[in-house]
>>> print(open('run.cif').read())   # mmCIF, C-alpha atoms and all ligand atoms
data_coords
#
loop_
_atom_site.group_PDB
_atom_site.id
_atom_site.type_symbol
_atom_site.label_atom_id
_atom_site.label_comp_id
_atom_site.auth_asym_id
_atom_site.auth_seq_id
_atom_site.Cartn_x
_atom_site.Cartn_y
_atom_site.Cartn_z
ATOM 1 C CA MET A 1 81.459 39.257 88.029
ATOM 2 C CA ALA A 2 79.227 36.421 86.911
ATOM 3 C CA ARG A 3 77.365 36.374 83.651
ATOM 4 C CA ILE A 4 73.785 35.427 84.577
ATOM 5 C CA ILE A 5 72.127 33.185 82.006
ATOM 6 C CA ALA A 6 68.469 32.138 82.168
ATOM 7 C CA VAL A 7 67.904 28.803 80.435
ATOM 8 C CA THR A 8 64.390 29.185 79.174
ATOM 9 C CA ASN A 9 61.737 28.038 76.741
ATOM 10 C CA GLN A 10 58.013 28.169 77.413
ATOM 11 C CA LYS A 11 57.778 24.661 76.044
ATOM 12 C CA GLY A 12 58.299 21.745 78.446
ATOM 13 C CA GLY A 13 60.518 18.761 77.737
ATOM 14 C CA VAL A 14 62.948 20.550 75.420
ATOM 15 C CA GLY A 15 65.998 19.934 77.613
ATOM 16 C CA LYS A 16 66.181 23.054 79.809
ATOM 17 C CA THR A 17 66.973 21.157 82.991
ATOM 18 C CA THR A 18 69.278 18.673 81.278
ATOM 19 C CA THR A 19 71.152 21.618 79.787
ATOM 20 C CA CYS A 20 71.408 23.419 83.123
ATOM 21 C CA VAL A 21 72.853 20.473 85.039
ATOM 22 C CA ASN A 22 75.209 19.319 82.300
ATOM 23 C CA LEU A 23 76.376 22.768 81.256
ATOM 24 C CA ALA A 24 76.977 23.677 84.915
ATOM 25 C CA ALA A 25 79.141 20.564 85.329
ATOM 26 C CA SER A 26 80.963 21.168 82.040
ATOM 27 C CA LEU A 27 81.717 24.820 82.835
ATOM 28 C CA ALA A 28 82.938 23.696 86.264
ATOM 29 C CA ALA A 29 85.192 21.167 84.503
ATOM 30 C CA THR A 30 86.778 24.087 82.635
ATOM 31 C CA LYS A 31 87.553 25.634 86.045
ATOM 32 C CA ARG A 32 84.780 28.202 85.934
ATOM 33 C CA ARG A 33 82.989 29.007 89.163
ATOM 34 C CA VAL A 34 79.356 28.118 88.574
ATOM 35 C CA LEU A 35 76.095 28.588 90.456
ATOM 36 C CA LEU A 36 73.002 26.724 89.268
ATOM 37 C CA VAL A 37 69.735 28.325 90.406
ATOM 38 C CA ASP A 38 66.664 26.090 90.322
ATOM 39 C CA MET A 39 63.595 28.272 89.670
ATOM 40 C CA ASP A 40 61.241 25.414 88.817
ATOM 41 C CA PRO A 41 58.972 24.128 91.633
ATOM 42 C CA GLN A 42 59.414 20.644 90.137
ATOM 43 C CA GLY A 43 62.963 20.739 91.511
ATOM 44 C CA ASN A 44 64.340 18.594 88.682
ATOM 45 C CA ALA A 45 67.633 20.485 88.492
ATOM 46 C CA THR A 46 67.991 20.041 92.256
ATOM 47 C CA MET A 47 67.383 16.268 92.134
ATOM 48 C CA GLY A 48 69.480 15.934 88.966
ATOM 49 C CA SER A 49 72.373 17.525 90.860
ATOM 50 C CA GLY A 50 72.066 14.861 93.535
ATOM 51 C CA VAL A 51 70.431 17.075 96.175
ATOM 52 C CA ASP A 52 67.237 15.771 97.790
ATOM 53 C CA LYS A 53 64.743 18.565 97.130
ATOM 54 C CA ASN A 54 62.647 17.648 100.158
ATOM 55 C CA GLY A 55 65.646 17.189 102.436
ATOM 56 C CA VAL A 56 67.082 20.713 102.156
ATOM 57 C CA ASP A 57 66.753 23.094 105.130
ATOM 58 C CA LEU A 58 66.380 26.161 102.962
ATOM 59 C CA SER A 59 65.337 26.640 99.338
ATOM 60 C CA GLY A 60 64.362 29.197 96.733
ATOM 61 C CA TYR A 61 61.145 29.733 98.693
ATOM 62 C CA ASP A 62 63.080 31.107 101.679
ATOM 63 C CA LEU A 63 65.151 33.265 99.339
ATOM 64 C CA LEU A 64 62.268 34.878 97.446
ATOM 65 C CA THR A 65 60.233 35.489 100.600
ATOM 66 C CA LYS A 66 63.238 37.095 102.373
ATOM 67 C CA ARG A 67 63.461 34.401 105.017
ATOM 68 C CA ALA A 68 67.076 33.621 104.092
ATOM 69 C CA SER A 69 69.943 35.104 102.095
ATOM 70 C CA ALA A 70 71.406 33.554 98.955
ATOM 71 C CA ALA A 71 74.566 32.641 100.859
ATOM 72 C CA GLU A 72 72.462 30.735 103.399
ATOM 73 C CA VAL A 73 70.439 28.830 100.786
ATOM 74 C CA ILE A 74 73.258 27.831 98.406
ATOM 75 C CA VAL A 75 74.728 24.333 98.845
ATOM 76 C CA PRO A 76 77.853 22.895 97.209
ATOM 77 C CA VAL A 77 77.411 19.972 94.797
ATOM 78 C CA GLU A 78 80.661 18.215 95.681
ATOM 79 C CA ASN A 79 80.353 15.580 92.986
ATOM 80 C CA ALA A 80 80.086 17.976 90.093
ATOM 81 C CA GLY A 81 82.047 21.013 91.265
ATOM 82 C CA PHE A 82 79.328 23.650 91.134
ATOM 83 C CA ASP A 83 77.041 25.322 93.682
ATOM 84 C CA LEU A 84 73.276 24.934 93.733
ATOM 85 C CA LEU A 85 70.418 27.094 94.917
ATOM 86 C CA PRO A 86 67.846 24.331 95.399
ATOM 87 C CA ALA A 87 64.094 24.392 94.846
ATOM 88 C CA ASN A 88 61.056 22.276 95.561
ATOM 89 C CA GLY A 89 57.268 22.580 95.524
ATOM 90 C CA ASP A 90 57.436 25.405 98.085
ATOM 91 C CA LEU A 91 58.475 27.712 95.268
ATOM 92 C CA THR A 92 54.850 27.776 94.119
ATOM 93 C CA ALA A 93 53.919 29.225 97.520
ATOM 94 C CA ALA A 94 56.615 31.881 97.114
ATOM 95 C CA GLU A 95 55.031 32.896 93.830
ATOM 96 C CA VAL A 96 51.671 33.334 95.547
ATOM 97 C CA GLU A 97 53.193 35.249 98.485
ATOM 98 C CA LEU A 98 55.016 37.596 96.116
ATOM 99 C CA MET A 99 51.899 38.476 94.145
ATOM 100 C CA ASN A 100 51.045 41.541 96.225
ATOM 101 C CA GLU A 101 54.574 42.723 96.921
ATOM 102 C CA ILE A 102 56.142 45.816 95.433
ATOM 103 C CA GLY A 103 59.174 44.955 93.286
ATOM 104 C CA ARG A 104 58.065 41.335 93.017
ATOM 105 C CA GLU A 105 59.697 40.920 89.590
ATOM 106 C CA HIS A 106 63.131 41.868 90.908
ATOM 107 C CA ARG A 107 63.442 39.736 94.036
ATOM 108 C CA LEU A 108 65.762 37.157 92.481
ATOM 109 C CA ARG A 109 67.986 39.801 90.900
ATOM 110 C CA LEU A 110 68.544 41.550 94.241
ATOM 111 C CA CYS A 111 69.291 38.230 95.947
ATOM 112 C CA LEU A 112 71.772 37.104 93.276
ATOM 113 C CA ASN A 113 73.563 40.466 93.374
ATOM 114 C CA THR A 114 74.807 39.545 96.838
ATOM 115 C CA VAL A 115 76.700 36.475 95.580
ATOM 116 C CA ARG A 116 77.377 37.424 91.972
ATOM 117 C CA GLU A 117 81.037 38.205 92.468
ATOM 118 C CA ASN A 118 81.713 34.686 93.737
ATOM 119 C CA TYR A 119 80.979 33.148 90.327
ATOM 120 C CA ASP A 120 81.889 33.278 86.646
ATOM 121 C CA TYR A 121 78.548 31.857 85.487
ATOM 122 C CA VAL A 122 75.124 31.732 87.077
ATOM 123 C CA LEU A 123 72.655 29.468 85.224
ATOM 124 C CA ILE A 124 68.949 29.721 86.055
ATOM 125 C CA ASP A 125 66.671 26.780 85.259
ATOM 126 C CA CYS A 126 63.216 28.166 84.409
ATOM 127 C CA PRO A 127 59.792 26.537 84.616
ATOM 128 C CA PRO A 128 57.998 25.827 81.318
ATOM 129 C CA SER A 129 55.590 28.752 81.551
ATOM 130 C CA LEU A 130 55.680 32.515 81.744
ATOM 131 C CA ASN A 131 54.884 33.000 85.423
ATOM 132 C CA LEU A 132 56.314 35.284 88.080
ATOM 133 C CA LEU A 133 59.202 32.868 88.687
ATOM 134 C CA THR A 134 60.203 33.048 85.026
ATOM 135 C CA VAL A 135 59.857 36.829 85.038
ATOM 136 C CA ASN A 136 62.137 36.935 88.093
ATOM 137 C CA ALA A 137 64.678 34.799 86.224
ATOM 138 C CA LEU A 138 64.504 37.015 83.122
ATOM 139 C CA SER A 139 64.772 40.151 85.234
ATOM 140 C CA ALA A 140 67.914 38.815 86.943
ATOM 141 C CA ALA A 141 69.520 37.548 83.732
ATOM 142 C CA ASP A 142 72.005 39.193 81.398
ATOM 143 C CA THR A 143 71.071 36.753 78.660
ATOM 144 C CA VAL A 144 68.746 33.883 77.736
ATOM 145 C CA LEU A 145 69.969 30.537 76.484
ATOM 146 C CA ILE A 146 67.208 28.779 74.559
ATOM 147 C CA PRO A 147 67.297 25.000 74.194
ATOM 148 C CA MET A 148 65.035 23.730 71.457
ATOM 149 C CA GLN A 149 64.175 20.580 69.586
ATOM 150 C CA CYS A 150 64.291 20.905 65.822
ATOM 151 C CA GLU A 151 60.683 19.986 65.117
ATOM 152 C CA TYR A 152 57.908 21.705 63.257
ATOM 153 C CA TYR A 153 56.202 23.509 66.150
ATOM 154 C CA ALA A 154 59.496 24.592 67.669
ATOM 155 C CA LEU A 155 59.763 27.647 65.448
ATOM 156 C CA GLU A 156 56.322 28.800 66.501
ATOM 157 C CA GLY A 157 57.329 28.414 70.143
ATOM 158 C CA LEU A 158 60.498 30.336 69.448
ATOM 159 C CA ALA A 159 58.546 33.246 67.957
ATOM 160 C CA ALA A 160 56.463 33.366 71.157
ATOM 161 C CA LEU A 161 59.633 33.315 73.230
ATOM 162 C CA MET A 162 61.236 36.166 71.279
ATOM 163 C CA ASN A 163 58.057 38.118 71.886
ATOM 164 C CA THR A 164 58.459 37.468 75.618
ATOM 165 C CA VAL A 165 62.077 38.620 75.510
ATOM 166 C CA GLU A 166 60.957 41.862 73.848
ATOM 167 C CA GLN A 167 58.287 42.418 76.476
ATOM 168 C CA ILE A 168 60.828 41.856 79.243
ATOM 169 C CA GLN A 169 63.203 44.333 77.545
ATOM 170 C CA GLU A 170 60.409 46.908 77.441
ATOM 171 C CA THR A 171 59.497 46.455 81.091
ATOM 172 C CA VAL A 172 61.667 44.836 83.762
ATOM 173 C CA ASN A 173 65.036 44.335 82.046
ATOM 174 C CA PRO A 174 66.050 46.559 79.085
ATOM 175 C CA ASN A 175 69.504 44.935 78.947
ATOM 176 C CA LEU A 176 68.338 41.360 78.354
ATOM 177 C CA GLN A 177 70.069 39.755 75.346
ATOM 178 C CA VAL A 178 69.950 36.387 73.607
ATOM 179 C CA GLU A 179 72.936 34.282 74.676
ATOM 180 C CA GLY A 180 72.363 31.533 72.160
ATOM 181 C CA ILE A 181 70.092 28.899 70.676
ATOM 182 C CA LEU A 182 70.943 25.292 71.506
ATOM 183 C CA ARG A 183 69.681 22.437 69.389
ATOM 184 C CA THR A 184 68.812 19.527 71.691
ATOM 185 C CA MET A 185 67.853 15.884 71.064
ATOM 186 C CA TYR A 186 69.370 16.445 67.655
ATOM 187 C CA ASP A 187 69.026 13.763 64.994
ATOM 188 C CA PRO A 188 70.772 14.633 61.715
ATOM 189 C CA ARG A 189 69.177 11.606 59.987
ATOM 190 C CA ASN A 190 65.815 13.316 60.237
ATOM 191 C CA SER A 191 65.189 15.663 57.304
ATOM 192 C CA LEU A 192 62.807 17.838 59.341
ATOM 193 C CA THR A 193 65.616 18.386 61.852
ATOM 194 C CA LEU A 194 67.856 19.636 59.062
ATOM 195 C CA ASP A 195 65.100 21.873 57.639
ATOM 196 C CA VAL A 196 64.306 23.492 60.972
ATOM 197 C CA SER A 197 67.992 23.748 61.742
ATOM 198 C CA GLY A 198 68.556 25.636 58.475
ATOM 199 C CA GLN A 199 65.731 28.057 59.241
ATOM 200 C CA LEU A 200 67.149 28.660 62.690
ATOM 201 C CA SER A 201 70.538 29.605 61.270
ATOM 202 C CA GLU A 202 68.897 31.913 58.742
ATOM 203 C CA TYR A 203 67.038 33.747 61.449
ATOM 204 C CA PHE A 204 69.512 33.706 64.321
ATOM 205 C CA GLY A 205 72.833 33.467 62.464
ATOM 206 C CA ASP A 206 75.767 32.781 64.737
ATOM 207 C CA LYS A 207 73.565 32.900 67.849
ATOM 208 C CA VAL A 208 72.900 29.231 67.030
ATOM 209 C CA TYR A 209 75.583 27.190 68.761
ATOM 210 C CA LYS A 210 77.711 24.994 66.537
ATOM 211 C CA ALA A 211 77.627 22.401 69.301
ATOM 212 C CA VAL A 212 74.497 20.273 69.093
ATOM 213 C CA ILE A 213 73.200 17.923 71.770
ATOM 214 C CA PRO A 214 72.323 14.511 70.338
ATOM 215 C CA ARG A 215 69.567 12.323 71.671
ATOM 216 C CA ASN A 216 71.536 10.167 74.092
ATOM 217 C CA VAL A 217 70.168 7.726 76.629
ATOM 218 C CA ARG A 218 72.962 8.500 79.128
ATOM 219 C CA LEU A 219 71.625 12.071 79.432
ATOM 220 C CA ALA A 220 68.223 10.653 80.335
ATOM 221 C CA GLU A 221 69.638 8.076 82.778
ATOM 222 C CA ALA A 222 72.101 10.266 84.663
ATOM 223 C CA PRO A 223 69.500 12.289 86.660
ATOM 224 C CA SER A 224 68.209 9.148 88.349
ATOM 225 C CA TYR A 225 71.697 8.789 89.850
ATOM 226 C CA GLY A 226 71.754 12.486 90.763
ATOM 227 C CA LEU A 227 74.709 13.034 88.446
ATOM 228 C CA PRO A 228 75.559 15.078 85.381
ATOM 229 C CA ALA A 229 76.412 12.836 82.420
ATOM 230 C CA LEU A 230 80.033 13.886 82.787
ATOM 231 C CA LYS A 231 80.219 12.061 86.147
ATOM 232 C CA TYR A 232 77.947 9.193 85.121
ATOM 233 C CA ASP A 233 79.553 8.257 81.805
ATOM 234 C CA ARG A 234 82.266 10.687 80.788
ATOM 235 C CA ALA A 235 82.731 9.141 77.342
ATOM 236 C CA SER A 236 79.033 9.262 76.436
ATOM 237 C CA LYS A 237 77.998 11.323 73.430
ATOM 238 C CA GLY A 238 75.829 13.485 75.678
ATOM 239 C CA ALA A 239 78.632 14.323 78.100
ATOM 240 C CA VAL A 240 81.025 15.109 75.248
ATOM 241 C CA ALA A 241 78.418 17.338 73.554
ATOM 242 C CA TYR A 242 77.871 19.431 76.685
ATOM 243 C CA LEU A 243 81.636 19.773 77.152
ATOM 244 C CA ALA A 244 81.823 21.074 73.570
ATOM 245 C CA LEU A 245 79.033 23.549 74.324
ATOM 246 C CA ALA A 246 80.868 24.809 77.421
ATOM 247 C CA GLY A 247 84.029 25.215 75.334
ATOM 248 C CA GLU A 248 82.154 27.157 72.668
ATOM 249 C CA MET A 249 80.564 29.442 75.275
ATOM 250 C CA VAL A 250 83.822 30.141 77.028
ATOM 251 C CA ARG A 251 85.499 30.941 73.698
ATOM 252 C CA ARG A 252 82.664 33.294 72.755
ATOM 253 C CA HIS A 253 83.258 35.184 75.981
ATOM 254 C CA GLY A 254 86.994 35.343 75.457
ATOM 255 C CA SER A 255 89.508 32.884 76.788
ATOM 256 C CA LYS A 256 89.315 34.200 80.344
ATOM 257 C CA ALA A 257 86.266 33.569 82.464
ATOM 258 C CA PRO A 258 84.225 36.780 82.773
ATOM 259 C CA GLY A 259 84.928 37.034 86.471
ATOM 260 C CA ALA A 260 88.338 35.393 86.508
ATOM 261 C CA VAL A 261 90.963 37.002 88.667
ATOM 262 C CA ALA A 262 94.372 37.503 87.061
ATOM 263 C CA VAL A 263 97.099 35.600 88.915
HETATM 264 P P1 LIG B 1 62.708 20.571 80.360
HETATM 265 O O1 LIG B 1 63.494 20.990 81.564
HETATM 266 O O2 LIG B 1 62.799 21.539 79.224
HETATM 267 O O3 LIG B 1 61.287 20.224 80.687
HETATM 268 P P2 LIG B 1 64.272 18.137 80.483
HETATM 269 O O4 LIG B 1 65.690 18.572 80.500
HETATM 270 O O5 LIG B 1 63.677 17.747 81.799
HETATM 271 O O6 LIG B 1 63.369 19.227 79.785
HETATM 272 O O7 LIG B 1 64.152 16.951 79.438
HETATM 273 C C1 LIG B 1 62.923 16.282 79.221
HETATM 274 C C2 LIG B 1 63.159 14.771 79.180
HETATM 275 O O8 LIG B 1 63.996 14.447 78.068
HETATM 276 C C3 LIG B 1 63.869 14.240 80.406
HETATM 277 O O9 LIG B 1 63.368 12.972 80.693
HETATM 278 C C4 LIG B 1 65.324 14.171 79.977
HETATM 279 O O10 LIG B 1 66.032 13.171 80.680
HETATM 280 C C5 LIG B 1 65.203 13.842 78.501
HETATM 281 N N1 LIG B 1 66.299 14.417 77.710
HETATM 282 C C6 LIG B 1 66.682 15.707 77.670
HETATM 283 N N2 LIG B 1 67.673 15.889 76.776
HETATM 284 C C7 LIG B 1 67.936 14.671 76.234
HETATM 285 C C8 LIG B 1 68.842 14.189 75.238
HETATM 286 N N3 LIG B 1 69.692 15.005 74.617
HETATM 287 N N4 LIG B 1 68.818 12.870 74.931
HETATM 288 C C9 LIG B 1 67.939 12.044 75.546
HETATM 289 N N5 LIG B 1 67.064 12.434 76.473
HETATM 290 C C10 LIG B 1 67.043 13.729 76.833
HETATM 291 MG MG MG B 2 62.822 21.359 83.510
#
>>> encode(input="run.cif", output="structure tokens", more="lines below")
Ligand code: ADP
Ligand code: MG
Amino acid sequence: MARIIAVTNQKGGVGKTTTCVNLAASLAATKRRVLLVDMDPQGNATMGSGVDKNGVDLSGYDLLTKRASAAEVIVPVENAGFDLLPANGDLTAAEVELMNEIGREHRLRLCLNTVRENYDYVLIDCPPSLNLLTVNALSAADTVLIPMQCEYYALEGLAALMNTVEQIQETVNPNLQVEGILRTMYDPRNSLTLDVSGQLSEYFGDKVYKAVIPRNVRLAEAPSYGLPALKYDRASKGAVAYLALAGEMVRRHGSKAPGAVAV
């Protein structure tokens, strides 16, 4: 049964989408069965996976408004070895349509339950705000993975995010846990980075991944080719860092994938 991980941070530009696409590809490279769910109307995770967000027949909009099932919406990303539940601007309309529905916070969870056993990991890429789409992601998730840049205001943002997690625990999802904190665009030559990094470890202890993601131009270039860095430049520092993260995650969860079948 898949572990469902929402990749979230209310701040934009911290590397949520980059983490989703590259972690999905890296977990797939370790033979885990992975589904990437794009819950951001910008559709960056969709495009970054090489799927034309405006060319898909069905998307997250059809899923959340009950026009299609998860199995019907999911497409394989042949290049990278994971499956994708694509999104585009229509997702904003789904949010509006859901507003007056009973159980609106739980739509995604119910949809993902129907395919959960097909995967070891489900990663959900969240939009950079606390809207109904994010609440749906946090309601469906077992855990949150928080990418963050080690800069001064990051800690403030993190406090706000922990507050959100608490509110979600008190309302729609009492079982929500923190999966881990991922330091992105990491520059160890910067003393502020090291300061913030130290404070993070003090507060979150071993929830902070040992793997750090360096600032690496290949990670920024790869999406324009619709590829994870692993398929664009396998030897790049970015690709190697995300492989290390996948390894660390898999080890944390035990050597076997959570849903792996014994053979
Ligand atoms: P978010 O989804 O949180 O808004 P993105 O993953 O889209 O953030 O990243 C924001 C921008 O920074 C993108 O242009 C992306 O290509 C770039 N980027 C993300 N991570 C890195 C990195 N480690 N090194 C260099 N550029 C990065
Ligand atoms: Mg994004």
>>> residues_near_point(input="run.cif", point="(86.2, 30.6, 90.4)", cutoff="6 Å", atoms="all atoms listed in the file", output="PyMOL selection string")
chain A and resi 32-33+119
>>> write_last_selection(input="run.cif", atoms="C-alpha atoms", output="mmCIF file, in the frame of the given file")
data_model
loop_
_atom_site.group_PDB
_atom_site.id
_atom_site.type_symbol
_atom_site.label_atom_id
_atom_site.label_comp_id
_atom_site.auth_asym_id
_atom_site.auth_seq_id
_atom_site.Cartn_x
_atom_site.Cartn_y
_atom_site.Cartn_z
ATOM 1 C CA ARG A 32 84.780 28.202 85.934
ATOM 2 C CA ARG A 33 82.989 29.007 89.163
ATOM 3 C CA TYR A 119 80.979 33.148 90.327
#
>>> closest_atom_pairs(input="run.cif", of="chain A", to="ligand MG 2 (chain B)", cutoff="8 Å", atoms="all atoms listed in the file", output="tab-separated table")
residue	atom	partner	partner_atom	distance
A:Gly12	CA	B:MG2	MG	6.8
A:Gly13	CA	B:MG2	MG	6.7
A:Gly15	CA	B:MG2	MG	6.8
A:Lys16	CA	B:MG2	MG	5.3
A:Thr17	CA	B:MG2	MG	4.2
A:Thr18	CA	B:MG2	MG	7.3
A:Asp40	CA	B:MG2	MG	6.9
A:Gln42	CA	B:MG2	MG	7.5
A:Asn44	CA	B:MG2	MG	6.1
A:Ala45	CA	B:MG2	MG	7.0
A:Asp125	CA	B:MG2	MG	6.9
A:Cys126	CA	B:MG2	MG	6.9
A:Pro127	CA	B:MG2	MG	6.1
A:Pro128	CA	B:MG2	MG	6.9
>>> closest_residue(input="run.cif", among="A:Ser26, A:Gln167, A:Thr46, A:Asn100", to="ligand LIG 1 (chain B)", atoms="only C-alpha atoms and all ligand atoms")
A:Thr46
>>> closest_residue(input="run.cif", among="A:Arg67, A:Lys207, A:Lys53, A:Lys11", to="Leu155 of chain A", atoms="all atoms listed in the file")
A:Lys11
>>> residues_around(input="run.cif", residues="segment 21-24 of chain A", least_positions_apart="2", cutoff="8 Å", atoms="all atoms listed in the file", output="list in words")
Thr17, Thr18, Thr19, Ser26, Leu27, Ala28, Val34, Leu35, Leu36, Ala45, Gly48, Ser49, Phe82, Leu123, Pro228, Ala229, Leu230, Ala239, Tyr242, Leu243, Leu245 and Ala246 of chain A
>>> axis_aligned_box(input="run.cif", around="segment 107-112 of chain A", padding_each_side="5 Å", output="AutoDock Vina command-line options")
--center_x 67.6 --center_y 39.3 --center_z 93.4 --size_x 18.3 --size_y 14.4 --size_z 15.0
>>> residues_near_point(input="run.cif", point="(56.7, 33.1, 88.0)", cutoff="12 Å", atoms="all atoms listed in the file", output="ChimeraX atom specification")
/A:10,39-41,64,91-99,104-108,126-139
>>> closest_residue(input="run.cif", among="A:Arg116, A:Arg234, A:Lys210, A:Arg252", to="Arg3 of chain A", atoms="all atoms listed in the file")
A:Arg116
>>> atom_distance(input="run.cif", atom1="atom CA of Ala154 of chain A", atom2="atom CA of Tyr121 of chain A")
27.1 Å
>>> closest_residue(input="run.cif", among="A:Val56, A:Ala80, A:Ala29, A:Ala160", to="Lys231 of chain A", atoms="all atoms listed in the file")
A:Ala80
>>> closest_residue(input="run.cif", among="A:Ala159, A:Ala25, A:Ile213, A:Leu227", to="ligand LIG 1 (chain B)", atoms="all atoms listed in the file")
A:Ile213
>>> closest_residue(input="run.cif", among="A:Val75, A:Val37, A:Ala6, A:Cys20", to="Gly60 of chain A", atoms="only C-alpha atoms")
A:Val37
>>> atom_distance(input="run.cif", atom1="atom CA of Val51 of chain A", atom2="atom CA of Val73 of chain A")
12.6 Å
>>> atom_distance(input="run.cif", atom1="atom CA of Asp195 of chain A", atom2="atom CA of Val14 of chain A")
18.0 Å
>>> resolve_selection(input="run.cif", expression="the PyMOL selection byres (((chain A and resi 161-165) around 9) and not hetatm)", output="list in words")
Thr8, Asn9, Gln10, Leu130, Leu138, Val144, Ile146, Glu156, Gly157, Leu158, Ala159, Ala160, Glu166, Gln167, Ile168, Gln169, Glu170, Leu176, Gln177 and Val178 of chain A
>>> resolve_selection(input="run.cif", expression="the PyMOL selection byres (((chain A and resi 147) around 6) and not hetatm)", output="PyMOL selection string")
chain A and resi 146+148+181-183
>>> resolve_selection(input="run.cif", expression="the PyMOL selection byres (((chain A and resi 72) around 10) and not hetatm)", output="JSON, numbers by chain")
{"A": [57, 58, 59, 62, 63, 67, 68, 69, 70, 71, 73, 74, 75, 85]}
